[in-house]
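Student: What follows is run.pdb; its format and atoms are PDB, C-alpha atoms.
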ATOM      1  CA  MET F1413     -12.310   4.849 -33.941
ATOM      2  CA  ALA F1414     -13.477   3.590 -37.295
ATOM      3  CA  GLN F1415     -13.335   6.002 -40.159
ATOM      4  CA  SER F1416     -14.869   5.350 -43.521
ATOM      5  CA  ALA F1417     -13.176   7.017 -46.432
ATOM      6  CA  ALA F1418     -15.390   8.217 -49.225
ATOM      7  CA  PRO F1419     -14.271   6.929 -52.615
ATOM      8  CA  ALA F1420     -12.327   9.536 -54.534
ATOM      9  CA  ALA F1421     -13.722  10.766 -57.804
ATOM     10  CA  VAL F1422     -12.008   9.107 -60.737
ATOM     11  CA  PRO F1423     -10.980  11.659 -63.368
ATOM     12  CA  ALA F1424     -12.179  11.016 -66.879
ATOM     13  CA  ILE F1425      -9.531   9.677 -69.239
ATOM     14  CA  THR F1426      -9.395  11.637 -72.452
ATOM     15  CA  PRO F1427      -8.169   9.769 -75.522
ATOM     16  CA  ILE F1428      -5.186  11.111 -77.463
ATOM     17  CA  SER F1429      -6.017  11.887 -81.074
ATOM     18  CA  LEU F1430      -3.915  10.538 -83.925
ATOM     19  CA  LYS F1431      -3.190  14.104 -85.065
ATOM     20  CA  THR F1432      -1.487  14.722 -81.736
ATOM     21  CA  LEU F1433       0.318  11.389 -81.668
ATOM     22  CA  ALA F1434       1.524  11.230 -85.300
ATOM     23  CA  PRO F1435       4.407  13.770 -85.087
ATOM     24  CA  TRP F1436       5.813  12.007 -82.014
ATOM     25  CA  ALA F1437       5.534   8.614 -83.690
ATOM     26  CA  VAL F1438       7.359   9.917 -86.781
ATOM     27  CA  PHE F1439      10.070  11.546 -84.626
ATOM     28  CA  PHE F1440      10.742   8.406 -82.597
ATOM     29  CA  GLY F1441      10.570   6.220 -85.716
ATOM     30  CA  ILE F1442      13.266   8.304 -87.426
ATOM     31  CA  LEU F1443      15.333   8.342 -84.230
ATOM     32  CA  MET F1444      15.155   4.544 -84.009
ATOM     33  CA  LEU F1445      16.210   4.195 -87.662
ATOM     34  CA  VAL F1446      19.213   6.474 -87.079
ATOM     35  CA  LEU F1447      20.203   4.492 -83.992
ATOM     36  CA  LEU F1448      19.753   1.229 -85.878
ATOM     37  CA  TYR F1449      22.009   2.562 -88.648
ATOM     38  CA  PHE F1450      24.763   3.539 -86.213
ATOM     39  CA  VAL F1451      24.608   0.228 -84.385
ATOM     40  CA  GLY F1452      24.148  -1.983 -87.422
ATOM     41  CA  ALA F1453      25.861  -0.399 -90.406
ATOM     42  CA  GLU F1454      28.248   2.374 -89.367
ATOM     43  CA  GLN F1455      31.521   0.878 -90.524
ATOM     44  CA  GLY F1456      33.457   0.284 -93.687
ATOM     45  CA  ALA F1457      32.270   1.557 -97.076
ATOM     46  CA  THR F1458      28.949   2.936 -95.790
ATOM     47  CA  SER F1459      30.571   4.922 -93.008
ATOM     48  CA  VAL F1460      29.209   8.449 -92.499
ATOM     49  CA  ILE F1461      31.717   9.329 -89.782
ATOM     50  CA  SER F1462      35.352   8.520 -90.524
ATOM     51  CA  GLY F1463      37.406   6.484 -88.105
ATOM     52  CA  ALA F1464      36.445   3.685 -85.780
ATOM     53  CA  GLY F1465      35.073   5.788 -82.898
ATOM     54  CA  VAL F1466      31.398   5.035 -83.495
ATOM     55  CA  HIS F1467      32.148   1.364 -84.060
ATOM     56  CA  GLU F1468      33.983   1.131 -80.749
ATOM     57  CA  TRP F1469      31.168   2.900 -78.870
ATOM     58  CA  VAL F1470      28.478   0.547 -80.186
ATOM     59  CA  HIS F1471      30.597  -2.604 -80.447
ATOM     60  CA  ASP F1472      28.993  -4.519 -77.577
ATOM     61  CA  GLY F1473      25.532  -3.425 -78.657
ATOM     62  CA  ARG F1474      26.213  -4.830 -82.111
ATOM     63  CA  HIS F1475      26.952  -8.265 -80.670
ATOM     64  CA  LEU F1476      24.004  -8.066 -78.285
ATOM     65  CA  LEU F1477      21.649  -7.386 -81.209
ATOM     66  CA  GLY F1478      23.261 -10.057 -83.386
ATOM     67  CA  PHE F1479      25.089  -7.851 -85.894
ATOM     68  CA  PRO F1480      28.381  -9.332 -87.074
ATOM     69  CA  CYS F1481      31.336  -6.981 -87.100
ATOM     70  CA  HIS F1482      34.507  -9.089 -87.214
TER      71      HIS F1482
END
Please render this file's structure as structure tokens.

Tutor:
Amino acid sequence: MAQSAAPAAVPAITPISLKTLAPWAVFFGILMLVLLYFVGAEQGATSVISGAGVHEWVHDGRHLLGFPCH
């Protein structure tokens, strides 16, 4: 009982325009900069949030990314 399957139609791939992609790229770029700030610089004189809570939450990430903190 041999059955031959007909090849399925491949849907056309539509490109994404830069106008559609630009707001998402800006959003994720700003988000990455904020995360980089909290991991890399949120302590001491430049601290936005008082206390050591943020530092303790990102402490291991700081060492993993090579930021000194001691």

Student: Name the closest residue to Ala1453 in chain F among the candidates F:Ala1424, F:Phe1440, F:His1471, F:Thr1432; distances are taken between atoms, counting all atoms listed in the file.

Tutor: F:His1471

Student: Expand the PyMOL selection byres ((chain F and resi 1479) around 12) into the individual residues it matches in the shown file, reporting them as a ChimeraX atom specification.

Tutor: /F:1448-1455,1467,1470-1478,1480-1482

Student: I need the residues from that last selection saved to file as a PDB file, in the coordinates of the input (with C-alpha atoms), if you can.

Tutor:
ATOM      1  CA  LEU F1448      19.753   1.229 -85.878  1.00  0.00           C
ATOM      2  CA  TYR F1449      22.009   2.562 -88.648  1.00  0.00           C
ATOM      3  CA  PHE F1450      24.763   3.539 -86.213  1.00  0.00           C
ATOM      4  CA  VAL F1451      24.608   0.228 -84.385  1.00  0.00           C
ATOM      5  CA  GLY F1452      24.148  -1.983 -87.422  1.00  0.00           C
ATOM      6  CA  ALA F1453      25.861  -0.399 -90.406  1.00  0.00           C
ATOM      7  CA  GLU F1454      28.248   2.374 -89.367  1.00  0.00           C
ATOM      8  CA  GLN F1455      31.521   0.878 -90.524  1.00  0.00           C
ATOM      9  CA  HIS F1467      32.148   1.364 -84.060  1.00  0.00           C
ATOM     10  CA  VAL F1470      28.478   0.547 -80.186  1.00  0.00           C
ATOM     11  CA  HIS F1471      30.597  -2.604 -80.447  1.00  0.00           C
ATOM     12  CA  ASP F1472      28.993  -4.519 -77.577  1.00  0.00           C
ATOM     13  CA  GLY F1473      25.532  -3.425 -78.657  1.00  0.00           C
ATOM     14  CA  ARG F1474      26.213  -4.830 -82.111  1.00  0.00           C
ATOM     15  CA  HIS F1475      26.952  -8.265 -80.670  1.00  0.00           C
ATOM     16  CA  LEU F1476      24.004  -8.066 -78.285  1.00  0.00           C
ATOM     17  CA  LEU F1477      21.649  -7.386 -81.209  1.00  0.00           C
ATOM     18  CA  GLY F1478      23.261 -10.057 -83.386  1.00  0.00           C
ATOM     19  CA  PRO F1480      28.381  -9.332 -87.074  1.00  0.00           C
ATOM     20  CA  CYS F1481      31.336  -6.981 -87.100  1.00  0.00           C
ATOM     21  CA  HIS F1482      34.507  -9.089 -87.214  1.00  0.00           C
TER      22      HIS F1482
END

Student: Go ahead and compute the interatomic distance for CA of Val1446 in chain F and CA of Val1466 in chain F, in Å to one decimal.

Tutor: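 Interatomic distance here is 12.8 Å.
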
Student: Could you jot down the CA of Ala1464 in chain F to CA of Leu1443 in chain F separation for me, Å, one decimal place?

Tutor: 21.7 Å

Student: Calculate how many Å separate CA of Glu1468 in chain F from CA of Leu1445 in chain F, rounding to one decimal.

Tutor: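 Calculated distance between CA of Glu1468 in chain F and CA of Leu1445 in chain F is 19.3 Å.
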
Student: Please, could N, CA and C atoms be added to range 1430-1450 of chain F and the result written as a PDB file, in the frame of the given file?

Tutor:
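Result saved to result_2.pdb:
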ATOM      1  N   LEU F1430      -5.019  10.929 -83.049  1.00  0.00           N
ATOM      2  CA  LEU F1430      -3.915  10.538 -83.925  1.00  0.00           C
ATOM      3  C   LEU F1430      -3.173  11.753 -84.457  1.00  0.00           C
ATOM      4  N   LYS F1431      -3.862  12.880 -84.620  1.00  0.00           N
ATOM      5  CA  LYS F1431      -3.190  14.104 -85.065  1.00  0.00           C
ATOM      6  C   LYS F1431      -2.143  14.551 -84.048  1.00  0.00           C
ATOM      7  N   THR F1432      -2.428  14.348 -82.786  1.00  0.00           N
ATOM      8  CA  THR F1432      -1.487  14.722 -81.736  1.00  0.00           C
ATOM      9  C   THR F1432      -0.352  13.707 -81.628  1.00  0.00           C
ATOM     10  N   LEU F1433      -0.653  12.459 -81.844  1.00  0.00           N
ATOM     11  CA  LEU F1433       0.318  11.389 -81.668  1.00  0.00           C
ATOM     12  C   LEU F1433       1.243  11.196 -82.868  1.00  0.00           C
ATOM     13  N   ALA F1434       0.771  11.500 -84.069  1.00  0.00           N
ATOM     14  CA  ALA F1434       1.524  11.230 -85.300  1.00  0.00           C
ATOM     15  C   ALA F1434       2.904  11.893 -85.346  1.00  0.00           C
ATOM     16  N   PRO F1435       3.056  13.190 -85.022  1.00  0.00           N
ATOM     17  CA  PRO F1435       4.407  13.770 -85.087  1.00  0.00           C
ATOM     18  C   PRO F1435       5.396  13.090 -84.141  1.00  0.00           C
ATOM     19  N   TRP F1436       4.937  12.693 -82.962  1.00  0.00           N
ATOM     20  CA  TRP F1436       5.813  12.007 -82.014  1.00  0.00           C
ATOM     21  C   TRP F1436       6.191  10.630 -82.526  1.00  0.00           C
ATOM     22  N   ALA F1437       5.242   9.941 -83.135  1.00  0.00           N
ATOM     23  CA  ALA F1437       5.534   8.614 -83.690  1.00  0.00           C
ATOM     24  C   ALA F1437       6.546   8.711 -84.828  1.00  0.00           C
ATOM     25  N   VAL F1438       6.410   9.725 -85.687  1.00  0.00           N
ATOM     26  CA  VAL F1438       7.359   9.917 -86.781  1.00  0.00           C
ATOM     27  C   VAL F1438       8.739  10.256 -86.224  1.00  0.00           C
ATOM     28  N   PHE F1439       8.795  11.149 -85.231  1.00  0.00           N
ATOM     29  CA  PHE F1439      10.070  11.546 -84.626  1.00  0.00           C
ATOM     30  C   PHE F1439      10.793  10.344 -84.033  1.00  0.00           C
ATOM     31  N   PHE F1440      10.097   9.552 -83.229  1.00  0.00           N
ATOM     32  CA  PHE F1440      10.742   8.406 -82.597  1.00  0.00           C
ATOM     33  C   PHE F1440      11.059   7.307 -83.612  1.00  0.00           C
ATOM     34  N   GLY F1441      10.260   7.180 -84.663  1.00  0.00           N
ATOM     35  CA  GLY F1441      10.570   6.220 -85.716  1.00  0.00           C
ATOM     36  C   GLY F1441      11.861   6.570 -86.430  1.00  0.00           C
ATOM     37  N   ILE F1442      12.031   7.860 -86.774  1.00  0.00           N
ATOM     38  CA  ILE F1442      13.266   8.304 -87.426  1.00  0.00           C
ATOM     39  C   ILE F1442      14.450   8.155 -86.485  1.00  0.00           C
ATOM     40  N   LEU F1443      14.262   8.491 -85.217  1.00  0.00           N
ATOM     41  CA  LEU F1443      15.333   8.342 -84.230  1.00  0.00           C
ATOM     42  C   LEU F1443      15.767   6.883 -84.109  1.00  0.00           C
ATOM     43  N   MET F1444      14.814   5.965 -84.099  1.00  0.00           N
ATOM     44  CA  MET F1444      15.155   4.544 -84.009  1.00  0.00           C
ATOM     45  C   MET F1444      15.891   4.076 -85.260  1.00  0.00           C
ATOM     46  N   LEU F1445      15.499   4.578 -86.438  1.00  0.00           N
ATOM     47  CA  LEU F1445      16.210   4.195 -87.662  1.00  0.00           C
ATOM     48  C   LEU F1445      17.644   4.714 -87.664  1.00  0.00           C
ATOM     49  N   VAL F1446      17.853   5.925 -87.160  1.00  0.00           N
ATOM     50  CA  VAL F1446      19.213   6.474 -87.079  1.00  0.00           C
ATOM     51  C   VAL F1446      20.046   5.650 -86.102  1.00  0.00           C
ATOM     52  N   LEU F1447      19.478   5.313 -84.961  1.00  0.00           N
ATOM     53  CA  LEU F1447      20.203   4.492 -83.992  1.00  0.00           C
ATOM     54  C   LEU F1447      20.494   3.100 -84.554  1.00  0.00           C
ATOM     55  N   LEU F1448      19.533   2.535 -85.261  1.00  0.00           N
ATOM     56  CA  LEU F1448      19.753   1.229 -85.878  1.00  0.00           C
ATOM     57  C   LEU F1448      20.870   1.296 -86.918  1.00  0.00           C
ATOM     58  N   TYR F1449      20.924   2.395 -87.673  1.00  0.00           N
ATOM     59  CA  TYR F1449      22.009   2.562 -88.648  1.00  0.00           C
ATOM     60  C   TYR F1449      23.363   2.594 -87.943  1.00  0.00           C
ATOM     61  N   PHE F1450      23.473   3.411 -86.885  1.00  0.00           N
ATOM     62  CA  PHE F1450      24.763   3.539 -86.213  1.00  0.00           C
ATOM     63  C   PHE F1450      25.188   2.257 -85.536  1.00  0.00           C
TER      64      PHE F1450
END
